file protein-v3.cif (mmCIF, C-alpha atoms)
data_final
#
loop_
_atom_site.label_atom_id
_atom_site.label_comp_id
_atom_site.auth_asym_id
_atom_site.auth_seq_id
_atom_site.Cartn_x
_atom_site.Cartn_y
_atom_site.Cartn_z
CA MET A 1 -58.46 -28.38 -55.70
CA SER A 2 -55.41 -30.58 -55.86
CA ASP A 3 -55.70 -33.97 -57.56
CA ASN A 4 -54.06 -35.53 -54.51
CA ILE A 5 -56.52 -36.76 -51.91
CA HIS A 6 -55.78 -35.76 -48.35
CA PRO A 7 -54.68 -38.75 -46.19
CA ASP A 8 -57.41 -37.98 -43.64
CA LEU A 9 -60.02 -38.21 -46.39
CA VAL A 10 -58.56 -41.49 -47.67
CA ARG A 11 -58.85 -42.99 -44.19
CA TRP A 12 -62.41 -41.67 -43.86
CA LEU A 13 -63.43 -43.12 -47.23
CA ASP A 14 -61.85 -46.47 -46.35
CA ALA A 15 -63.79 -46.61 -43.09
CA ALA A 16 -67.04 -45.37 -44.66
CA THR A 17 -67.06 -48.01 -47.42
CA ARG A 18 -65.83 -50.93 -45.32
CA GLY A 19 -68.04 -53.99 -45.71
CA LEU A 20 -69.33 -53.12 -49.18
CA PRO A 21 -68.73 -55.24 -52.29
CA ARG A 22 -65.99 -53.83 -54.49
CA GLU A 23 -68.18 -52.22 -57.15
CA ALA A 24 -70.52 -50.70 -54.57
CA ALA A 25 -67.54 -49.40 -52.59
CA GLN A 26 -66.03 -47.73 -55.65
CA ALA A 27 -69.31 -46.06 -56.60
CA SER A 28 -69.89 -44.86 -53.03
CA ARG A 29 -66.33 -43.52 -52.73
CA ALA A 30 -66.75 -41.54 -55.95
CA GLU A 31 -70.02 -39.98 -54.77
CA LEU A 32 -68.72 -39.18 -51.29
CA LEU A 33 -65.53 -37.71 -52.74
CA ALA A 34 -67.58 -35.51 -55.07
CA HIS A 35 -69.60 -34.19 -52.12
CA TYR A 36 -66.39 -33.50 -50.19
CA GLN A 37 -64.83 -31.67 -53.11
CA ASP A 38 -67.93 -29.55 -53.70
CA ALA A 39 -68.07 -28.58 -50.02
CA CYS A 40 -64.34 -27.86 -49.91
CA ASP A 41 -64.55 -25.63 -52.99
CA ASP A 42 -67.46 -23.74 -51.46
CA TYR A 43 -65.52 -23.07 -48.28
CA VAL A 44 -62.47 -21.87 -50.24
CA GLU A 45 -64.70 -19.50 -52.22
CA GLN A 46 -65.93 -18.11 -48.90
CA GLY A 47 -62.35 -17.12 -48.11
CA LEU A 48 -61.24 -19.99 -45.89
CA THR A 49 -57.78 -21.48 -46.19
CA THR A 50 -57.37 -24.86 -47.87
CA ASP A 51 -56.64 -26.60 -44.55
CA VAL A 52 -59.66 -25.09 -42.80
CA ALA A 53 -61.87 -25.85 -45.81
CA HIS A 54 -60.66 -29.46 -45.76
CA GLY A 55 -61.45 -29.83 -42.07
CA ARG A 56 -64.96 -28.43 -42.42
CA ALA A 57 -65.75 -30.44 -45.55
CA LEU A 58 -64.54 -33.62 -43.86
CA ALA A 59 -66.65 -32.83 -40.79
CA ASP A 60 -69.67 -32.32 -43.05
CA LEU A 61 -69.33 -35.93 -44.22
CA GLY A 62 -70.15 -37.06 -40.68
CA VAL A 63 -68.97 -40.09 -38.73
CA ALA A 64 -67.41 -42.70 -41.02
CA SER A 65 -68.71 -45.67 -39.04
CA THR A 66 -72.27 -44.32 -39.15
CA THR A 67 -72.04 -43.79 -42.91
CA ALA A 68 -70.60 -47.30 -43.33
CA SER A 69 -73.50 -48.81 -41.40
CA GLY A 70 -75.96 -46.91 -43.57
CA LEU A 71 -74.26 -47.84 -46.84
CA VAL A 72 -74.18 -51.52 -45.91
CA GLY A 73 -77.85 -51.27 -44.98
CA VAL A 74 -78.69 -49.65 -48.31
CA HIS A 75 -76.75 -52.32 -50.23
CA ARG A 76 -78.36 -55.12 -48.21
CA GLY A 77 -81.79 -53.59 -48.62
CA GLN A 78 -81.57 -53.40 -52.41
CA ALA A 79 -82.12 -57.14 -52.71
CA HIS A 80 -85.23 -56.93 -50.52
CA TYR A 81 -87.14 -54.04 -52.12
CA LEU A 82 -89.11 -56.17 -54.58
CA PRO A 83 -89.84 -58.91 -52.00
CA ALA A 84 -90.98 -56.18 -49.60
CA ALA A 85 -93.30 -54.75 -52.28
CA LEU A 86 -94.78 -58.23 -52.78
CA ALA A 87 -95.02 -58.75 -49.00
CA SER A 88 -96.94 -55.47 -48.70
CA MET A 89 -99.43 -56.74 -51.27
CA VAL A 90 -99.72 -60.05 -49.42
CA PHE A 91 -100.46 -58.13 -46.22
CA VAL A 92 -103.28 -56.23 -47.96
CA PHE A 93 -104.71 -59.54 -49.18
CA ALA A 94 -104.38 -61.22 -45.77
CA TYR A 95 -105.81 -58.24 -43.89
CA PHE A 96 -108.66 -57.14 -46.14
CA VAL A 97 -109.49 -59.88 -48.66
CA LEU A 98 -108.81 -63.25 -47.05
CA PRO A 99 -111.01 -62.87 -43.92
CA PRO A 100 -114.22 -62.15 -45.91
CA ILE A 101 -113.43 -65.08 -48.21
CA LEU A 102 -112.98 -67.42 -45.25
CA GLN A 103 -116.16 -66.10 -43.64
CA SER A 104 -118.12 -66.78 -46.83
CA LEU A 105 -116.81 -70.34 -46.84
CA GLY A 106 -118.23 -71.08 -43.43
CA GLY A 107 -116.53 -68.78 -40.99
CA ILE A 108 -113.15 -68.56 -39.27
CA SER A 109 -112.45 -70.50 -36.11
CA GLU A 110 -110.71 -68.55 -33.36
CA PRO A 111 -107.38 -70.44 -33.62
CA VAL A 112 -107.29 -69.89 -37.41
CA TRP A 113 -107.98 -66.19 -36.92
CA ASP A 114 -105.20 -65.97 -34.31
CA VAL A 115 -102.71 -67.67 -36.63
CA LEU A 116 -103.72 -65.34 -39.45
CA GLU A 117 -103.09 -62.31 -37.22
CA LEU A 118 -99.66 -63.65 -36.24
CA ALA A 119 -98.81 -64.15 -39.92
CA GLN A 120 -99.86 -60.57 -40.65
CA MET A 121 -97.59 -59.30 -37.88
CA GLY A 122 -94.71 -61.39 -39.23
CA ILE A 123 -95.14 -59.76 -42.64
CA MET A 124 -95.27 -56.38 -40.90
CA VAL A 125 -91.94 -56.98 -39.15
CA TYR A 126 -90.25 -57.92 -42.43
CA VAL A 127 -91.60 -54.89 -44.31
CA LEU A 128 -90.61 -52.55 -41.48
CA ALA A 129 -87.09 -54.00 -41.43
CA VAL A 130 -86.68 -53.36 -45.16
CA LEU A 131 -88.14 -49.86 -44.77
CA ARG A 132 -85.55 -49.26 -42.06
CA TRP A 133 -82.77 -50.22 -44.47
CA LEU A 134 -84.27 -47.94 -47.10
CA VAL A 135 -84.26 -44.76 -45.02
CA ARG A 136 -81.54 -45.25 -42.38
CA TRP A 137 -78.71 -43.73 -44.47
CA ARG A 138 -80.70 -40.55 -44.91
CA PHE A 139 -81.26 -40.29 -41.16
CA ALA A 140 -77.87 -41.57 -39.98
CA GLY A 141 -77.28 -40.27 -36.46
CA ASP A 142 -80.63 -38.47 -36.42
CA GLY A 143 -82.77 -40.75 -34.28
CA ILE A 144 -84.52 -42.77 -36.97
CA GLU A 145 -83.12 -46.00 -35.52
CA THR A 146 -84.96 -45.29 -32.28
CA ALA A 147 -88.28 -45.02 -34.11
CA PHE A 148 -87.83 -48.32 -35.93
CA ARG A 149 -86.62 -50.13 -32.82
CA LEU A 150 -89.74 -49.02 -30.97
CA ILE A 151 -92.10 -50.03 -33.79
CA ILE A 152 -90.49 -53.37 -34.61
CA GLY A 153 -89.97 -54.18 -30.94
CA GLY A 154 -93.61 -53.41 -30.19
CA VAL A 155 -94.89 -55.61 -33.02
CA ILE A 156 -92.63 -58.47 -31.91
CA GLY A 157 -93.89 -57.99 -28.34
CA GLU A 158 -97.46 -58.35 -29.54
CA MET A 159 -96.49 -61.46 -31.52
CA ILE A 160 -94.93 -63.00 -28.40
CA ALA A 161 -98.04 -62.24 -26.33
CA GLY A 162 -100.30 -63.62 -29.04
CA SER A 163 -98.25 -66.80 -29.38
CA LEU A 164 -98.18 -67.38 -25.62
CA SER A 165 -101.92 -66.78 -25.37
CA LEU A 166 -102.68 -69.10 -28.28
CA ILE A 167 -100.42 -71.90 -27.02
CA LEU A 168 -101.18 -71.70 -23.31
CA LEU A 169 -104.73 -70.37 -23.27
CA GLY A 170 -106.06 -71.29 -26.70
CA THR A 171 -107.42 -67.78 -27.22
CA ASP A 172 -106.42 -64.29 -28.35
CA ALA A 173 -104.69 -62.14 -25.75
CA HIS A 174 -106.94 -59.23 -26.74
CA LEU A 175 -110.06 -60.91 -28.10
CA ASN A 176 -112.37 -58.40 -26.38
CA VAL A 177 -111.17 -54.89 -27.22
CA THR A 178 -113.01 -53.41 -24.22
CA GLN A 179 -111.28 -55.56 -21.61
CA THR A 180 -108.62 -54.08 -19.35
CA LEU A 181 -106.10 -55.35 -16.83
CA PHE A 182 -108.74 -54.70 -14.16
CA THR A 183 -111.40 -56.86 -15.81
CA VAL A 184 -109.42 -60.01 -16.69
CA THR A 185 -108.59 -62.70 -14.17
CA GLY A 186 -105.77 -65.22 -13.97
CA PHE A 187 -102.02 -64.71 -14.12
CA LEU A 188 -101.50 -65.68 -17.77
CA PRO A 189 -104.41 -63.63 -19.17
CA VAL A 190 -103.22 -60.59 -17.23
CA LEU A 191 -99.62 -61.14 -18.35
CA THR A 192 -100.41 -61.54 -22.04
CA LEU A 193 -102.82 -58.61 -22.05
CA ALA A 194 -100.22 -56.44 -20.30
CA ILE A 195 -97.63 -57.33 -22.94
CA VAL A 196 -100.10 -56.50 -25.73
CA GLU A 197 -101.05 -53.15 -24.24
CA VAL A 198 -97.44 -52.12 -23.58
CA SER A 199 -96.56 -53.23 -27.11
CA TRP A 200 -99.35 -51.10 -28.58
CA LEU A 201 -98.17 -48.06 -26.62
CA VAL A 202 -94.59 -48.62 -27.78
CA VAL A 203 -95.72 -48.97 -31.40
CA GLY A 204 -97.81 -45.83 -31.01
CA VAL A 205 -94.90 -43.77 -29.73
CA GLY A 206 -92.58 -45.19 -32.40
CA THR A 207 -94.91 -44.49 -35.32
CA ILE A 208 -95.58 -40.93 -34.14
CA TYR A 209 -91.84 -40.35 -33.80
CA LEU A 210 -91.22 -41.83 -37.24
CA GLY A 211 -93.88 -39.61 -38.79
CA LEU A 212 -92.45 -36.49 -37.15
CA LYS A 213 -88.95 -37.33 -38.41
CA VAL A 214 -90.10 -38.01 -41.98
CA MET A 215 -92.61 -35.15 -42.33
CA PRO A 216 -90.12 -32.27 -42.92
CA THR A 217 -87.93 -34.25 -45.34
CA SER A 218 -87.88 -34.32 -49.11
CA GLY A 219 -86.73 -37.16 -51.38
CA VAL A 220 -86.28 -39.67 -48.57
CA LEU A 221 -89.22 -41.86 -49.61
CA TYR A 222 -89.26 -41.09 -53.32
CA GLY A 223 -91.93 -38.40 -53.11
CA LEU A 224 -94.14 -40.24 -50.59
CA GLU A 225 -92.78 -38.56 -47.45
CA LYS A 226 -95.82 -36.48 -46.51
CA PRO A 227 -98.55 -39.17 -46.86
CA VAL A 228 -96.42 -41.82 -45.14
CA ALA A 229 -95.55 -39.40 -42.32
CA PHE A 230 -99.17 -38.32 -41.84
CA LEU A 231 -100.46 -41.90 -41.82
CA SER A 232 -97.71 -42.95 -39.40
CA ILE A 233 -98.72 -40.22 -36.97
CA MET A 234 -102.39 -41.15 -37.30
CA MET A 235 -101.59 -44.81 -36.68
CA GLY A 236 -99.58 -43.89 -33.58
CA LEU A 237 -102.40 -41.78 -32.17
CA CYS A 238 -104.88 -44.58 -32.83
CA MET A 239 -102.68 -47.20 -31.14
CA ILE A 240 -102.31 -45.06 -28.02
CA ALA A 241 -106.01 -44.17 -28.00
CA VAL A 242 -107.26 -47.75 -28.35
CA THR A 243 -105.06 -48.79 -25.41
CA THR A 244 -106.21 -46.03 -23.09
CA LEU A 245 -109.88 -45.47 -23.97
CA ALA A 246 -110.93 -48.90 -22.68
CA TYR A 247 -109.91 -47.79 -19.18
CA VAL A 248 -112.46 -44.94 -19.22
CA GLU A 249 -115.16 -47.29 -20.54
CA ALA A 250 -115.42 -45.45 -23.86
CA THR A 251 -116.51 -48.54 -25.80
CA LYS A 252 -117.92 -46.73 -28.82
CA ALA A 253 -114.80 -44.57 -29.05
CA VAL A 254 -112.61 -47.70 -28.98
CA LEU A 255 -114.55 -49.19 -31.88
CA LEU A 256 -114.27 -45.94 -33.84
CA VAL A 257 -110.51 -45.91 -33.25
CA PHE A 258 -110.31 -49.45 -34.63
CA VAL A 259 -112.09 -48.20 -37.74
CA GLY A 260 -109.38 -45.51 -37.95
CA ILE A 261 -106.66 -48.17 -37.70
CA TRP A 262 -108.38 -50.15 -40.46
CA LEU A 263 -108.47 -47.06 -42.70
CA VAL A 264 -104.80 -46.29 -42.07
CA HIS A 265 -103.87 -49.86 -42.97
CA ALA A 266 -105.99 -49.60 -46.11
CA THR A 267 -104.01 -46.54 -47.20
CA ILE A 268 -100.47 -46.99 -45.98
CA TRP A 269 -99.85 -50.55 -47.22
CA PRO A 270 -100.50 -49.70 -50.88
CA LEU A 271 -98.14 -46.75 -50.34
CA PHE A 272 -95.50 -49.14 -49.03
CA THR A 273 -95.96 -51.28 -52.15
CA LEU A 274 -95.47 -48.23 -54.39
CA LEU A 275 -92.51 -47.04 -52.31
CA PHE A 276 -90.63 -50.34 -52.59
CA PHE A 277 -91.28 -50.60 -56.32
CA ARG A 278 -89.87 -47.10 -56.76
CA ALA A 279 -86.86 -47.93 -54.60
CA ALA A 280 -86.18 -51.11 -56.56
CA TYR A 281 -85.94 -49.28 -59.88
CA ARG A 282 -84.30 -46.03 -58.80
CA SER A 283 -80.83 -45.31 -57.49
CA PRO A 284 -80.51 -44.88 -53.70
CA VAL A 285 -80.81 -41.35 -52.34
CA ARG A 286 -77.69 -39.87 -50.82
CA PRO A 287 -77.46 -38.86 -47.16
CA ALA A 288 -79.52 -35.85 -46.09
CA ARG A 289 -76.50 -34.15 -44.59
CA LEU A 290 -74.82 -34.30 -48.00
CA ALA A 291 -77.85 -33.35 -50.11
#

call {"tool": "encode", "arguments": {"input": "protein-v3.cif", "output": "structure tokens"}}
result
Amino acid sequence: MSDNIHPDLVRWLDAATRGLPREAAQASRAELLAHYQDACDDYVEQGLTTDVAHGRALADLGVASTTASGLVGVHRGQAHYLPAALASMVFVFAYFVLPPILQSLGGISEPVWDVLELAQMGIMVYVLAVLRWLVRWRFAGDGIETAFRLIIGGVIGEMIAGSLSLILLGTDAHLNVTQTLFTVTGFLPVLTLAIVEVSWLVVGVGTIYLGLKVMPTSGVLYGLEKPVAFLSIMMGLCMIAVTTLAYVEATKAVLLVFVGIWLVHATIWPLFTLLFFRAAYRSPVRPARLA
């Protein structure tokens, strides 16, 4: 290959590294250029002309703006990996350890419990946002954004419903897990319950989609792809089931599904902690299309 870089490639690299700090841009340009050169050499060895090889290798790099968005996300996410690992541990404490402690000290009033749940969901949104930064480059243009938008949007929807219910009604929007839109009365209770149930369905679809996208990959989540994907799918199925089973009066099944959700939380949050610690001390993975 010639030492001169093709003008089209220069423009692509400029666009793909736009928005990065200087050192990060230089490192990313060098890696992307190496991938381009390897691909171009392979095409030439297959008998293609230099111009055709250049065109195909450049196409293999993908859309520059998409790569730029992913690179900026990766760079931005680097500063959040350790905080996200700590936030994951805080979630485990708030979800599994703190409630029994408060109960042993005299019980938890309903408003305190509601606030604790809202805090847990806030932590969840932050961790999911950092996870999105961690994997988005690998899945650039491959639908992963849709999965995270569904999940984060659903959690925020539940937070909104919970906040409205707590402020306006002084109670949880879904205090009784067996209640349905046909058994509650009053405009606000129906509205908040409807938002919660739609949010759960959206989260369920999003987590299943995320699991299906991650399952066949390798190296995206630092060796944790398969367990995270499996648990995501299980969580999605549980979220959909718990929303629908109440309408067929399957009370015992609803309670069993909540046990399943508890078990998934007990497993996936320690995995998130491990994942973010690994991400914090290892170099970012390169895009799947370039791997």

call {"tool": "closest_atom_pairs", "arguments": {"input": "protein-v3.cif", "of": "region 160-244 of chain A", "to": "region 108-114 of chain A", "cutoff": "8 Å", "atoms": "only C-alpha atoms", "output": "CSV"}}
result
residue,atom,partner,partner_atom,distance
A:Gly162,CA,A:Asp114,CA,7.6
A:Leu166,CA,A:Pro111,CA,7.2
A:Gly170,CA,A:Pro111,CA,7.1
A:Thr171,CA,A:Pro111,CA,6.9
A:Asp172,CA,A:Asp114,CA,6.3

call {"tool": "residues_near_point", "arguments": {"input": "protein-v3.cif", "point": "(-100.9, -58.6, -43.0)", "cutoff": "9 Å", "atoms": "only C-alpha atoms", "output": "PyMOL selection string"}}
result
chain A and resi 87-96+116-124

call {"tool": "resolve_selection", "arguments": {"input": "protein-v3.cif", "expression": "the PyMOL selection byres ((chain A and resi 236) around 10)", "output": "JSON, numbers by chain"}}
result
{"A": [151, 200, 201, 202, 203, 204, 205, 206, 207, 208, 209, 210, 211, 230, 231, 232, 233, 234, 235, 237, 238, 239, 240, 241, 261]}

call {"tool": "atom_distance", "arguments": {"input": "protein-v3.cif", "atom1": "CA of Val115 (chain A)", "atom2": "CA of Lys252 (chain A)"}}
result
27.0 Å

call {"tool": "atom_distance", "arguments": {"input": "protein-v3.cif", "atom1": "CA of Leu102 (chain A)", "atom2": "CA of Leu255 (chain A)"}}
result
22.7 Å

call {"tool": "closest_residue", "arguments": {"input": "protein-v3.cif", "among": "A:His35, A:His54, A:His75, A:Arg282", "to": "Asp8 (chain A)", "atoms": "all atoms listed in the file"}}
result
A:His54

call {"tool": "atom_distance", "arguments": {"input": "protein-v3.cif", "atom1": "CA of Ala279 (chain A)", "atom2": "CA of Arg136 (chain A)"}}
result
13.6 Å

call {"tool": "closest_residue", "arguments": {"input": "protein-v3.cif", "among": "A:Ala34, A:Val63, A:Val257, A:Ala280", "to": "Leu134 (chain A)", "atoms": "all atoms listed in the file"}}
result
A:Ala280

call {"tool": "resolve_selection", "arguments": {"input": "protein-v3.cif", "expression": "the PyMOL selection byres ((chain A and resi 21-33) around 10)", "output": "list in words"}}
result
Ile5, Leu9, Val10, Trp12, Leu13, Asp14, Ala16, Thr17, Arg18, Gly19, Leu20, Ala34, His35, Tyr36, Gln37, Asp38, Ala39, Leu58, Leu61, Ala68, Leu71, Val72, His75, Arg286, Pro287 and Leu290 of chain A

call {"tool": "residues_near_point", "arguments": {"input": "protein-v3.cif", "point": "(-56.8, -23.2, -46.8)", "cutoff": "12 Å", "atoms": "only C-alpha atoms", "output": "list of chain:residue names"}}
result
A:Met1, A:Ser2, A:Cys40, A:Asp41, A:Asp42, A:Tyr43, A:Val44, A:Glu45, A:Gln46, A:Gly47, A:Leu48, A:Thr49, A:Thr50, A:Asp51, A:Val52, A:Ala53, A:His54, A:Gly55, A:Arg56, A:Ala57

call {"tool": "closest_residue", "arguments": {"input": "protein-v3.cif", "among": "A:Val214, A:Leu164, A:Gly106, A:Leu181", "to": "Gly143 (chain A)", "atoms": "only C-alpha atoms"}}
result
A:Val214

call {"tool": "closest_residue", "arguments": {"input": "protein-v3.cif", "among": "A:Ala161, A:Ile152, A:Leu221, A:Met215", "to": "Thr192 (chain A)", "atoms": "all atoms listed in the file"}}
result
A:Ala161

call {"tool": "closest_residue", "arguments": {"input": "protein-v3.cif", "among": "A:Val190, A:Val135, A:Leu82, A:Val196", "to": "Ser218 (chain A)", "atoms": "all atoms listed in the file"}}
result
A:Val135
